[in-house]
file protein-v5.txt (compact mmCIF, C-alpha atoms and all ligand atoms)
# COMPACT_ATOMS: atom_id res chain seq x y z
CA MET Y 1 5.54 -31.02 15.48
CA ASN Y 2 4.71 -33.44 12.72
CA PRO Y 3 5.52 -31.65 9.45
CA LYS Y 4 3.16 -34.00 7.58
CA ILE Y 5 0.12 -32.49 9.30
CA SER Y 6 -1.20 -30.08 6.72
CA MET Y 7 -3.51 -27.16 7.27
CA THR Y 8 -6.32 -29.15 5.65
CA GLU Y 9 -6.18 -31.85 8.29
CA LYS Y 10 -5.94 -29.28 11.03
CA ASN Y 11 -8.73 -26.85 10.29
CA GLY Y 12 -10.43 -27.77 7.06
CA ARG Y 13 -10.37 -24.25 5.59
CA LEU Y 14 -7.22 -23.90 3.56
CA ASP Y 15 -4.96 -26.60 2.13
CA ASN Y 16 -1.29 -25.92 1.57
CA VAL Y 17 -1.62 -25.58 -2.22
CA SER Y 18 -4.30 -22.90 -1.80
CA ALA Y 19 -2.17 -21.31 0.91
CA LEU Y 20 0.76 -21.08 -1.50
CA ARG Y 21 -1.47 -19.38 -4.04
CA LYS Y 22 -2.55 -16.81 -1.44
CA MET Y 23 1.07 -16.19 -0.44
CA TRP Y 24 2.02 -15.61 -4.08
CA GLU Y 25 -0.98 -13.31 -4.52
CA ILE Y 26 0.27 -11.19 -1.62
CA ARG Y 27 3.83 -11.06 -2.94
CA ILE Y 28 2.84 -10.25 -6.52
CA PHE Y 29 0.29 -7.64 -5.40
CA GLU Y 30 3.06 -5.88 -3.46
CA GLU Y 31 5.65 -6.20 -6.25
CA MET Y 32 3.14 -4.62 -8.60
CA ILE Y 33 2.18 -1.72 -6.32
CA GLN Y 34 5.87 -1.08 -5.74
CA GLN Y 35 6.37 -0.88 -9.49
CA LEU Y 36 3.37 1.44 -9.86
CA PHE Y 37 4.87 3.67 -7.17
CA ASP Y 38 8.27 3.71 -8.90
CA GLU Y 39 6.55 4.64 -12.17
CA GLY Y 40 4.84 7.58 -10.46
CA GLU Y 41 1.34 6.09 -10.91
CA LEU Y 42 0.70 5.65 -7.23
CA HIS Y 43 1.14 8.28 -4.53
CA GLY Y 44 1.59 8.48 -0.78
CA THR Y 45 3.52 5.72 0.90
CA MET Y 46 3.13 2.03 1.61
CA HIS Y 47 4.59 -0.58 3.94
CA LEU Y 48 5.38 -3.84 2.20
CA CYS Y 49 5.11 -7.22 3.94
CA ILE Y 50 7.21 -9.15 1.42
CA GLY Y 51 8.87 -11.91 3.48
CA GLN Y 52 6.01 -12.04 6.00
CA GLU Y 53 3.37 -13.83 3.91
CA ALA Y 54 3.10 -16.88 6.19
CA THR Y 55 1.87 -14.84 9.14
CA ALA Y 56 -0.91 -13.37 7.00
CA VAL Y 57 -2.07 -16.61 5.39
CA GLY Y 58 -1.56 -18.85 8.44
CA GLY Y 59 -3.46 -16.30 10.56
CA ALA Y 60 -6.19 -14.34 8.77
CA GLY Y 61 -6.34 -17.02 6.08
CA ILE Y 62 -7.63 -19.74 8.40
CA LEU Y 63 -10.41 -17.78 10.11
CA ASP Y 64 -14.09 -18.11 9.29
CA GLN Y 65 -15.41 -15.28 7.14
CA SER Y 66 -17.53 -14.09 10.08
CA ASP Y 67 -14.47 -13.76 12.31
CA TRP Y 68 -12.76 -10.40 12.41
CA ILE Y 69 -9.25 -9.12 11.82
CA VAL Y 70 -7.77 -5.82 12.90
CA SER Y 71 -4.74 -4.86 10.86
CA THR Y 72 -1.82 -2.42 10.87
CA HIS Y 73 0.03 -0.09 8.51
CA ARG Y 74 1.71 -3.23 7.04
CA ASN Y 75 -1.66 -4.58 6.02
CA HIS Y 76 -1.84 -5.82 2.43
CA GLY Y 77 -1.13 -9.45 3.31
CA HIS Y 78 -3.70 -9.53 6.11
CA CYS Y 79 -6.38 -8.05 3.84
CA ILE Y 80 -5.73 -10.45 0.97
CA ALA Y 81 -5.57 -13.44 3.32
CA LYS Y 82 -8.94 -12.50 4.89
CA GLY Y 83 -10.53 -12.38 1.44
CA THR Y 84 -10.69 -8.69 0.57
CA ASP Y 85 -11.19 -8.29 -3.18
CA ILE Y 86 -7.82 -7.73 -4.84
CA ARG Y 87 -9.17 -5.59 -7.66
CA ALA Y 88 -10.72 -3.28 -5.07
CA MET Y 89 -7.37 -3.18 -3.26
CA PHE Y 90 -5.52 -2.16 -6.45
CA ALA Y 91 -8.24 0.44 -7.03
CA GLU Y 92 -7.85 1.81 -3.50
CA MET Y 93 -4.09 2.09 -3.97
CA LEU Y 94 -4.68 3.99 -7.22
CA GLY Y 95 -7.25 6.32 -5.62
CA LYS Y 96 -10.22 5.06 -7.64
CA LYS Y 97 -13.87 5.17 -6.67
CA THR Y 98 -14.04 1.40 -7.04
CA GLY Y 99 -11.54 0.95 -4.21
CA THR Y 100 -12.30 -0.69 -0.87
CA ASN Y 101 -12.66 2.78 0.68
CA GLU Y 102 -13.84 4.43 -2.53
CA GLY Y 103 -10.34 5.75 -3.16
CA LYS Y 104 -10.26 7.96 -0.09
CA GLY Y 105 -8.31 5.78 2.32
CA GLY Y 106 -5.24 4.51 0.52
CA SER Y 107 -2.90 1.77 1.65
CA MET Y 108 -3.12 2.26 5.41
CA HIS Y 109 -6.91 2.34 5.70
CA ILE Y 110 -8.06 -0.65 3.68
CA ALA Y 111 -11.17 -2.13 5.31
CA ASP Y 112 -13.77 -4.61 4.11
CA LEU Y 113 -16.51 -5.38 6.61
CA ASP Y 114 -18.15 -7.93 4.26
CA VAL Y 115 -15.28 -10.35 4.84
CA GLY Y 116 -14.61 -9.48 8.49
CA ASN Y 117 -11.76 -7.06 7.80
CA LEU Y 118 -12.34 -4.32 10.38
CA GLY Y 119 -9.60 -2.20 8.90
CA SER Y 120 -5.98 -1.21 8.90
CA ASN Y 121 -4.55 1.65 10.92
CA GLY Y 122 -1.64 4.06 10.54
CA ILE Y 123 -1.46 4.68 14.29
CA VAL Y 124 0.94 2.17 15.78
CA GLY Y 125 -0.74 0.20 18.57
CA ALA Y 126 -4.23 1.57 17.87
CA GLY Y 127 -5.57 -1.83 16.88
CA PHE Y 128 -5.16 -3.47 20.32
CA PRO Y 129 -8.11 -1.75 22.05
CA ILE Y 130 -10.21 -1.82 18.84
CA ALA Y 131 -9.79 -5.59 18.79
CA ALA Y 132 -10.67 -5.83 22.49
CA GLY Y 133 -13.83 -3.83 21.82
CA ALA Y 134 -14.82 -6.00 18.87
CA ALA Y 135 -14.19 -9.13 20.95
CA LEU Y 136 -16.29 -7.71 23.78
CA SER Y 137 -19.17 -7.13 21.36
CA ALA Y 138 -18.87 -10.72 20.08
CA GLN Y 139 -18.85 -11.99 23.65
CA MET Y 140 -21.87 -9.90 24.71
CA GLN Y 141 -23.86 -10.93 21.65
CA GLY Y 142 -22.83 -14.57 21.96
CA SER Y 143 -21.95 -14.56 18.27
CA ASN Y 144 -19.10 -17.08 18.57
CA GLN Y 145 -16.83 -14.82 16.52
CA VAL Y 146 -13.15 -14.41 17.36
CA VAL Y 147 -10.90 -11.45 16.63
CA LEU Y 148 -7.34 -11.73 15.33
CA CYS Y 149 -5.39 -8.55 15.98
CA TYR Y 150 -2.12 -8.06 14.13
CA ALA Y 151 0.62 -5.75 15.38
CA GLY Y 152 4.35 -5.27 15.00
CA ASP Y 153 7.04 -5.82 17.62
CA GLY Y 154 7.47 -2.06 18.10
CA ALA Y 155 3.77 -1.71 18.90
CA THR Y 156 4.16 -3.81 22.04
CA ASN Y 157 5.95 -0.85 23.63
CA GLU Y 158 2.85 1.31 23.31
CA GLY Y 159 0.60 1.80 26.35
CA SER Y 160 -2.41 0.63 24.35
CA PHE Y 161 -0.89 -2.87 24.14
CA HIS Y 162 -0.71 -3.21 27.91
CA GLU Y 163 -4.13 -1.70 28.59
CA ALA Y 164 -5.84 -3.86 26.00
CA LEU Y 165 -4.15 -7.07 27.13
CA ASN Y 166 -5.22 -6.44 30.70
CA LEU Y 167 -8.86 -5.88 29.71
CA ALA Y 168 -8.82 -8.87 27.37
CA SER Y 169 -7.58 -11.02 30.22
CA ILE Y 170 -9.92 -9.90 33.00
CA TRP Y 171 -12.91 -10.21 30.68
CA GLN Y 172 -11.58 -13.38 28.98
CA LEU Y 173 -12.27 -11.91 25.56
CA PRO Y 174 -12.21 -14.04 22.38
CA VAL Y 175 -9.20 -12.22 20.93
CA ILE Y 176 -5.80 -13.32 19.65
CA TYR Y 177 -3.03 -10.77 19.73
CA PHE Y 178 -0.64 -11.71 16.94
CA ILE Y 179 2.73 -9.94 16.99
CA GLU Y 180 4.70 -10.05 13.75
CA ASN Y 181 8.20 -9.68 15.13
CA ASN Y 182 10.09 -8.70 11.99
CA GLN Y 183 13.09 -7.64 14.10
CA TYR Y 184 12.70 -3.88 13.52
CA GLY Y 185 10.47 -0.90 14.24
CA MET Y 186 11.06 1.79 11.63
CA SER Y 187 14.84 1.66 11.93
CA SER Y 188 15.22 0.41 15.49
CA SER Y 189 16.39 -3.12 16.03
CA ILE Y 190 14.33 -5.01 18.59
CA GLU Y 191 17.58 -5.70 20.48
CA HIS Y 192 17.87 -2.00 21.31
CA MET Y 193 14.24 -1.44 22.14
CA VAL Y 194 13.25 -4.32 24.44
CA ASN Y 195 15.12 -5.82 27.37
CA ILE Y 196 13.60 -9.29 27.29
CA ASP Y 197 14.28 -12.20 24.94
CA LEU Y 198 10.74 -13.08 23.95
CA LEU Y 199 7.86 -10.65 23.46
CA SER Y 200 5.46 -13.49 24.22
CA GLU Y 201 6.66 -13.32 27.85
CA ARG Y 202 4.70 -10.09 28.13
CA GLY Y 203 1.49 -12.13 28.22
CA LYS Y 204 2.44 -13.49 31.64
CA SER Y 205 2.03 -10.09 33.34
CA TYR Y 206 -1.61 -10.17 32.34
CA GLY Y 207 -2.34 -13.85 32.88
CA ILE Y 208 -2.40 -14.50 29.14
CA GLU Y 209 -0.77 -17.51 27.52
CA GLY Y 210 2.15 -16.32 25.38
CA ILE Y 211 3.76 -18.38 22.61
CA THR Y 212 6.71 -17.63 20.33
CA ILE Y 213 6.72 -19.40 16.97
CA ASP Y 214 8.58 -19.53 13.67
CA GLY Y 215 6.54 -17.03 11.68
CA ASN Y 216 7.96 -18.17 8.36
CA ASP Y 217 6.69 -21.73 8.76
CA LEU Y 218 3.15 -21.69 7.41
CA ASP Y 219 2.07 -24.90 9.15
CA GLU Y 220 3.39 -23.76 12.51
CA VAL Y 221 1.59 -20.42 12.20
CA ALA Y 222 -1.68 -22.03 11.05
CA GLN Y 223 -1.65 -24.68 13.76
CA THR Y 224 -0.87 -22.20 16.53
CA VAL Y 225 -3.58 -19.80 15.38
CA ALA Y 226 -6.10 -22.64 14.94
CA LYS Y 227 -5.53 -23.72 18.55
CA ALA Y 228 -5.85 -20.16 19.85
CA VAL Y 229 -9.07 -19.72 17.85
CA GLU Y 230 -10.54 -22.91 19.27
CA LYS Y 231 -9.62 -21.81 22.79
CA ALA Y 232 -11.16 -18.37 22.29
CA ARG Y 233 -14.37 -19.81 20.80
CA ASN Y 234 -14.75 -22.13 23.75
CA GLY Y 235 -14.53 -19.33 26.28
CA GLY Y 236 -10.83 -19.86 27.08
CA GLY Y 237 -9.94 -16.20 26.53
CA PRO Y 238 -7.06 -14.47 24.78
CA THR Y 239 -3.70 -15.70 23.52
CA LEU Y 240 -0.58 -13.70 22.69
CA ILE Y 241 1.34 -15.10 19.73
CA GLU Y 242 4.77 -13.77 18.75
CA ALA Y 243 5.77 -14.88 15.24
CA LEU Y 244 9.42 -14.43 14.29
CA THR Y 245 9.76 -13.15 10.74
CA TYR Y 246 11.54 -10.55 8.61
CA ARG Y 247 10.54 -7.86 6.14
CA HIS Y 248 12.62 -8.06 2.99
CA LYS Y 249 11.96 -4.45 1.98
CA GLY Y 250 12.47 -1.18 3.81
CA HIS Y 251 10.08 0.07 6.47
CA SER Y 252 8.25 2.27 3.95
CA LYS Y 253 8.99 3.85 0.62
CA SER Y 254 11.42 6.42 2.05
CA ASP Y 255 13.66 3.92 3.86
CA LYS Y 256 17.30 3.85 2.71
CA LEU Y 257 18.02 0.75 4.85
CA MET Y 258 21.03 2.26 6.63
CA TYR Y 259 20.42 0.34 9.86
CA ARG Y 260 20.83 -3.27 8.74
CA SER Y 261 23.41 -5.09 6.67
CA GLU Y 262 22.89 -6.51 3.21
CA ALA Y 263 24.31 -9.79 4.47
CA GLU Y 264 21.56 -10.03 7.10
CA CYS Y 265 18.85 -9.40 4.49
CA ARG Y 266 20.36 -11.90 2.09
CA GLN Y 267 20.49 -14.52 4.83
CA TRP Y 268 16.73 -14.24 5.46
CA GLN Y 269 15.84 -13.95 1.78
CA LYS Y 270 17.92 -16.92 0.72
CA TYR Y 271 17.42 -19.34 3.58
CA ASN Y 272 14.22 -18.29 5.32
CA ASP Y 273 11.75 -17.10 2.73
CA PRO Y 274 8.30 -18.39 3.78
CA ILE Y 275 7.21 -18.97 0.17
CA VAL Y 276 10.32 -20.96 -0.72
CA ARG Y 277 9.97 -22.97 2.47
CA LEU Y 278 6.36 -23.93 1.66
CA GLU Y 279 7.26 -24.71 -1.96
CA THR Y 280 10.09 -26.99 -0.83
CA LYS Y 281 7.67 -28.83 1.45
CA LEU Y 282 5.04 -29.21 -1.29
CA ILE Y 283 7.63 -30.54 -3.74
CA GLN Y 284 9.03 -32.98 -1.15
CA GLN Y 285 5.51 -34.21 -0.41
CA ASP Y 286 4.78 -34.66 -4.15
CA GLN Y 287 1.90 -32.22 -3.96
CA MET Y 288 3.37 -29.88 -6.60
CA THR Y 289 6.22 -29.85 -9.10
CA PRO Y 290 8.51 -26.85 -9.73
CA GLU Y 291 6.72 -26.50 -13.07
CA ASP Y 292 3.30 -26.32 -11.37
CA ILE Y 293 4.65 -23.59 -9.13
CA ARG Y 294 6.03 -21.48 -12.00
CA LEU Y 295 2.71 -21.85 -13.83
CA LEU Y 296 0.84 -20.72 -10.74
CA GLU Y 297 3.07 -17.69 -10.31
CA GLY Y 298 2.79 -16.79 -14.01
CA SER Y 299 -0.98 -17.05 -14.02
CA ILE Y 300 -1.29 -14.72 -11.02
CA ARG Y 301 1.04 -12.19 -12.68
CA ASN Y 302 -1.07 -12.24 -15.86
CA GLU Y 303 -4.33 -12.00 -13.96
CA PHE Y 304 -3.09 -9.05 -11.86
CA SER Y 305 -1.64 -7.20 -14.90
CA SER Y 306 -5.10 -7.32 -16.49
CA LEU Y 307 -6.69 -6.16 -13.24
CA VAL Y 308 -4.38 -3.15 -13.02
CA ALA Y 309 -4.96 -2.25 -16.68
CA SER Y 310 -8.72 -2.26 -16.11
CA VAL Y 311 -8.52 -0.44 -12.73
CA LYS Y 312 -6.60 2.38 -14.43
CA GLN Y 313 -9.74 3.10 -16.48
CA ASP Y 314 -11.93 3.46 -13.37
CA GLU Y 315 -13.47 6.71 -12.23
CA GLU Y 316 -11.82 8.79 -9.51
CA PRO Y 317 -13.74 10.31 -6.60
CA THR Y 318 -14.76 13.94 -7.04
CA SER Y 319 -15.15 16.79 -4.58
CA ASN Y 320 -18.81 15.73 -4.20
CA ASP Y 321 -17.56 12.54 -2.55
CA LEU Y 322 -15.68 14.41 0.16
CA TRP Y 323 -18.48 14.20 2.72
CA THR Y 324 -19.67 10.65 2.12
CA HIS Y 325 -18.57 8.10 4.74
CA VAL Y 326 -17.66 10.80 7.20
CA TYR Y 327 -20.70 10.40 9.47
CA ALA Y 328 -22.74 7.25 10.10
CA GLU Y 329 -25.67 7.09 7.72
CA GLU Y 330 -29.17 6.21 8.83
CA ASN Y 331 -30.46 2.68 8.16
CA LYS Y 332 -26.93 1.33 7.84
C1 LIG T 401 1.50 6.15 17.63
C2 LIG T 401 2.50 6.17 16.50
N1 LIG T 401 3.80 6.39 16.78
C3 LIG T 401 4.72 6.39 15.77
C4 LIG T 401 4.33 6.20 14.49
C5 LIG T 401 5.37 6.19 13.35
N2 LIG T 401 5.60 4.79 12.96
C6 LIG T 401 4.97 4.25 11.91
S1 LIG T 401 5.35 2.65 11.72
C7 LIG T 401 6.40 2.66 13.02
C8 LIG T 401 7.18 1.42 13.42
C9 LIG T 401 6.30 0.34 13.88
O1 LIG T 401 7.06 -0.81 14.13
P1 LIG T 401 6.38 -2.19 14.37
O2 LIG T 401 5.21 -2.03 15.31
O3 LIG T 401 7.44 -3.13 14.79
O4 LIG T 401 5.76 -2.59 12.97
P2 LIG T 401 6.53 -2.87 11.58
O5 LIG T 401 6.60 -1.55 10.89
O6 LIG T 401 7.87 -3.44 11.91
O7 LIG T 401 5.65 -3.83 10.85
C10 LIG T 401 6.44 3.90 13.62
C11 LIG T 401 7.25 4.25 14.81
C12 LIG T 401 2.96 5.99 14.23
N3 LIG T 401 2.51 5.78 12.99
N4 LIG T 401 2.07 5.96 15.25
call {"tool": "encode", "arguments": {"input": "protein-v5.txt", "output": "structure tokens"}}
result
Amino acid sequence: MNPKISMTEKNGRLDNVSALRKMWEIRIFEEMIQQLFDEGELHGTMHLCIGQEATAVGGAGILDQSDWIVSTHRNHGHCIAKGTDIRAMFAEMLGKKTGTNEGKGGSMHIADLDVGNLGSNGIVGAGFPIAAGAALSAQMQGSNQVVLCYAGDGATNEGSFHEALNLASIWQLPVIYFIENNQYGMSSSIEHMVNIDLLSERGKSYGIEGITIDGNDLDEVAQTVAKAVEKARNGGGPTLIEALTYRHKGHSKSDKLMYRSEAECRQWQKYNDPIVRLETKLIQQDQMTPEDIRLLEGSIRNEFSSLVASVKQDEEPTSNDLWTHVYAEENK
């Protein structure tokens, strides 16, 4: 692959400088919600994707707004990359009425139909058939939309994965199944849970092209997804992408990280951080200086601190809001 080919040249939607900004937005959003949780301001749990920002931005970030994503419990990056409003995401996390789901969904249910974000899901593997259904509707309506369905490595052991892939293949649906292989399920290493080397090989059983890529290389992710999107739009059917990556934090807020070594984490954090890798590339290509990057990071931190301060003043839902959005409303 030619490392000089940037995302701009490839798909015209997101250049690498804008991509870096998005990746920093995802990381800072998650650092801030983690802090809010530690301060007791935010309740429930959350699954952080710090370390996996390239799969979000190189995937959801390069789609057209009218295309759809289906996300998982580890969803914040996908939502931000697809264009969901970050203030509304902070508000949802803090249980405010101004949140994406009016404060009633929380981290694992963030959805935003206006930007093609069909929603996140706390049920592992539930997104596969939802994505197949959305792709079928796009195909039947001839809308030219494609669906990008995220899932974790562990989810590929669920029956729903196999059923959905089979349907997607026989009906040649415009769907991309994107597996973020971050090496672990909750606490189970992929080595103990799967008896094949590459999850992408699973596509073969269903007649689906399977590709394994470096999920921490933004350009590689973006180029692979762009090709799969083009194929799907032109009637070429589904693709299974396995992106190798790593989550820097625990599975969720209750994880004591007893199942992996500090040395392993350090190795990924120090030598294979997707943000650092993109920054290094931008500096080498004279597109940004280290100073530009620090200014960018600082400005996002300031902007998000102000957002959180203002979200804290927002109204919370009341018991009267319990029954709204439970049943479909007429004329909607
Ligand atoms: C059907 C179902 N089974 C089990 C769980 C509990 N659970 C939540 S996340 C998770 C691990 C999922 O691993 P993976 O798909 O690799 O995603 P990752 O968390 O690594 O992003 C499990 C078992 C669940 N939420 N839903």
call {"tool": "atom_distance", "arguments": {"input": "protein-v5.txt", "atom1": "atom CA of Y:His251", "atom2": "atom CA of Y:Ile62"}}
result
26.6 Å
call {"tool": "residues_near_ligand", "arguments": {"input": "protein-v5.txt", "ligand": "ligand LIG 401 (chain T)", "cutoff": "8 Å", "atoms": "all atoms listed in the file", "output": "ChimeraX atom specification"}}
result
/Y:47,49,72-74,122-126,151-156,158,180-187,247,251
call {"tool": "atom_distance", "arguments": {"input": "protein-v5.txt", "atom1": "atom CA of Y:Gly298", "atom2": "atom CA of Y:His109"}}
result
29.1 Å
call {"tool": "atom_distance", "arguments": {"input": "protein-v5.txt", "atom1": "atom CA of Y:Gln145", "atom2": "atom CA of Y:Ala232"}}
result
8.8 Å
call {"tool": "residues_around", "arguments": {"input": "protein-v5.txt", "residues": "Y:Pro274", "least_positions_apart": "4", "cutoff": "10 Å", "atoms": "all atoms listed in the file", "output": "number ranges by chain"}}
result
Y: 20, 23, 50-55, 214-218, 245-246, 268-269, 278-280
call {"tool": "residues_near_point", "arguments": {"input": "protein-v5.txt", "point": "(16.9, -7.7, 3.1)", "cutoff": "9 Å", "atoms": "all atoms listed in the file", "output": "tab-separated table (two decimals) with C-alpha atoms, keeping the file's coordinate frame"}}
result
chain	number	residue	atom	x	y	z
Y	246	TYR	CA	11.54	-10.55	8.61
Y	247	ARG	CA	10.54	-7.86	6.14
Y	248	HIS	CA	12.62	-8.06	2.99
Y	249	LYS	CA	11.96	-4.45	1.98
Y	250	GLY	CA	12.47	-1.18	3.81
Y	257	LEU	CA	18.02	0.75	4.85
Y	260	ARG	CA	20.83	-3.27	8.74
Y	261	SER	CA	23.41	-5.09	6.67
Y	262	GLU	CA	22.89	-6.51	3.21
Y	263	ALA	CA	24.31	-9.79	4.47
Y	264	GLU	CA	21.56	-10.03	7.10
Y	265	CYS	CA	18.85	-9.40	4.49
Y	266	ARG	CA	20.36	-11.90	2.09
Y	267	GLN	CA	20.49	-14.52	4.83
Y	268	TRP	CA	16.73	-14.24	5.46
Y	269	GLN	CA	15.84	-13.95	1.78
call {"tool": "closest_atom_pairs", "arguments": {"input": "protein-v5.txt", "of": "stretch 31-131 of chain Y", "to": "stretch 304-319 of chain Y", "cutoff": "12 Å", "atoms": "all atoms listed in the file", "output": "CSV"}}
result
residue,atom,partner,partner_atom,distance
Y:Glu31,CA,Y:Phe304,CA,10.8
Y:Met32,CA,Y:Phe304,CA,8.3
Y:Ile33,CA,Y:Val308,CA,9.5
Y:Gln35,CA,Y:Val308,CA,11.5
Y:Leu36,CA,Y:Val308,CA,9.5
Y:Glu41,CA,Y:Lys312,CA,9.4
Y:Leu42,CA,Y:Lys312,CA,10.8
Y:Asp85,CA,Y:Leu307,CA,11.2
Y:Ile86,CA,Y:Phe304,CA,8.6
Y:Arg87,CA,Y:Leu307,CA,6.1
Y:Ala88,CA,Y:Val311,CA,8.5
Y:Met89,CA,Y:Val311,CA,9.9
Y:Phe90,CA,Y:Val308,CA,6.7
Y:Ala91,CA,Y:Val311,CA,5.8
Y:Glu92,CA,Y:Val311,CA,9.5
Y:Met93,CA,Y:Val311,CA,10.1
Y:Leu94,CA,Y:Lys312,CA,7.6
Y:Gly95,CA,Y:Glu316,CA,6.5
Y:Lys96,CA,Y:Glu316,CA,4.5
Y:Lys97,CA,Y:Glu316,CA,5.0
Y:Thr98,CA,Y:Asp314,CA,7.0
Y:Gly99,CA,Y:Val311,CA,9.1
Y:Asn101,CA,Y:Pro317,CA,10.5
Y:Glu102,CA,Y:Pro317,CA,7.2
Y:Gly103,CA,Y:Pro317,CA,6.6
Y:Lys104,CA,Y:Pro317,CA,7.7
Y:Gly105,CA,Y:Pro317,CA,11.4
call {"tool": "closest_residue", "arguments": {"input": "protein-v5.txt", "among": "Y:Lys227, Y:His76, Y:His192, Y:Arg202", "to": "Y:Asn166", "atoms": "only C-alpha atoms"}}
result
Y:Arg202
call {"tool": "build_atoms", "arguments": {"input": "protein-v5.txt", "residues": "stretch 275-281 of chain Y", "atoms": "all heavy atoms", "output": "tab-separated table (two decimals), in the frame of the given file"}}
result
chain	number	residue	atom	x	y	z
Y	275	ILE	N	7.77	-18.38	1.39
Y	275	ILE	CA	7.21	-18.97	0.17
Y	275	ILE	C	8.09	-20.13	-0.28
Y	275	ILE	O	7.60	-21.23	-0.58
Y	275	ILE	CB	7.05	-17.90	-0.93
Y	275	ILE	CG1	5.98	-16.89	-0.51
Y	275	ILE	CG2	6.72	-18.54	-2.28
Y	275	ILE	CD1	5.58	-15.89	-1.58
Y	276	VAL	N	9.39	-19.89	-0.29
Y	276	VAL	CA	10.32	-20.96	-0.72
Y	276	VAL	C	10.21	-22.15	0.23
Y	276	VAL	O	10.21	-23.32	-0.21
Y	276	VAL	CB	11.77	-20.42	-0.77
Y	276	VAL	CG1	12.75	-21.54	-1.09
Y	276	VAL	CG2	11.89	-19.28	-1.78
Y	277	ARG	N	10.06	-21.87	1.51
Y	277	ARG	CA	9.97	-22.97	2.47
Y	277	ARG	C	8.72	-23.81	2.22
Y	277	ARG	O	8.76	-25.04	2.28
Y	277	ARG	CB	9.99	-22.42	3.90
Y	277	ARG	CG	11.38	-21.97	4.31
Y	277	ARG	CD	11.41	-21.41	5.70
Y	277	ARG	NE	11.04	-22.38	6.72
Y	277	ARG	CZ	10.94	-22.08	8.01
Y	277	ARG	NH1	11.19	-20.85	8.44
Y	277	ARG	NH2	10.61	-23.00	8.89
Y	278	LEU	N	7.59	-23.16	1.93
Y	278	LEU	CA	6.36	-23.93	1.66
Y	278	LEU	C	6.49	-24.67	0.33
Y	278	LEU	O	6.08	-25.85	0.22
Y	278	LEU	CB	5.15	-23.00	1.64
Y	278	LEU	CG	3.81	-23.69	1.39
Y	278	LEU	CD1	3.51	-24.77	2.42
Y	278	LEU	CD2	2.66	-22.68	1.37
Y	279	GLU	N	7.09	-24.02	-0.66
Y	279	GLU	CA	7.26	-24.71	-1.96
Y	279	GLU	C	8.11	-25.96	-1.80
Y	279	GLU	O	7.79	-27.02	-2.36
Y	279	GLU	CB	7.91	-23.74	-2.96
Y	279	GLU	CG	6.95	-22.67	-3.44
Y	279	GLU	CD	7.60	-21.65	-4.37
Y	279	GLU	OE1	8.84	-21.64	-4.52
Y	279	GLU	OE2	6.86	-20.83	-4.94
Y	280	THR	N	9.19	-25.83	-1.03
Y	280	THR	CA	10.09	-26.99	-0.83
Y	280	THR	C	9.30	-28.14	-0.20
Y	280	THR	O	9.41	-29.30	-0.61
Y	280	THR	CB	11.27	-26.58	0.08
Y	280	THR	OG1	11.87	-25.43	-0.49
Y	280	THR	CG2	12.29	-27.68	0.23
Y	281	LYS	N	8.47	-27.80	0.78
Y	281	LYS	CA	7.67	-28.83	1.45
Y	281	LYS	C	6.69	-29.49	0.47
Y	281	LYS	O	6.57	-30.71	0.43
Y	281	LYS	CB	6.89	-28.15	2.58
Y	281	LYS	CG	6.49	-29.07	3.70
Y	281	LYS	CD	5.74	-28.31	4.78
Y	281	LYS	CE	6.60	-27.97	5.97
Y	281	LYS	NZ	5.83	-27.39	7.10
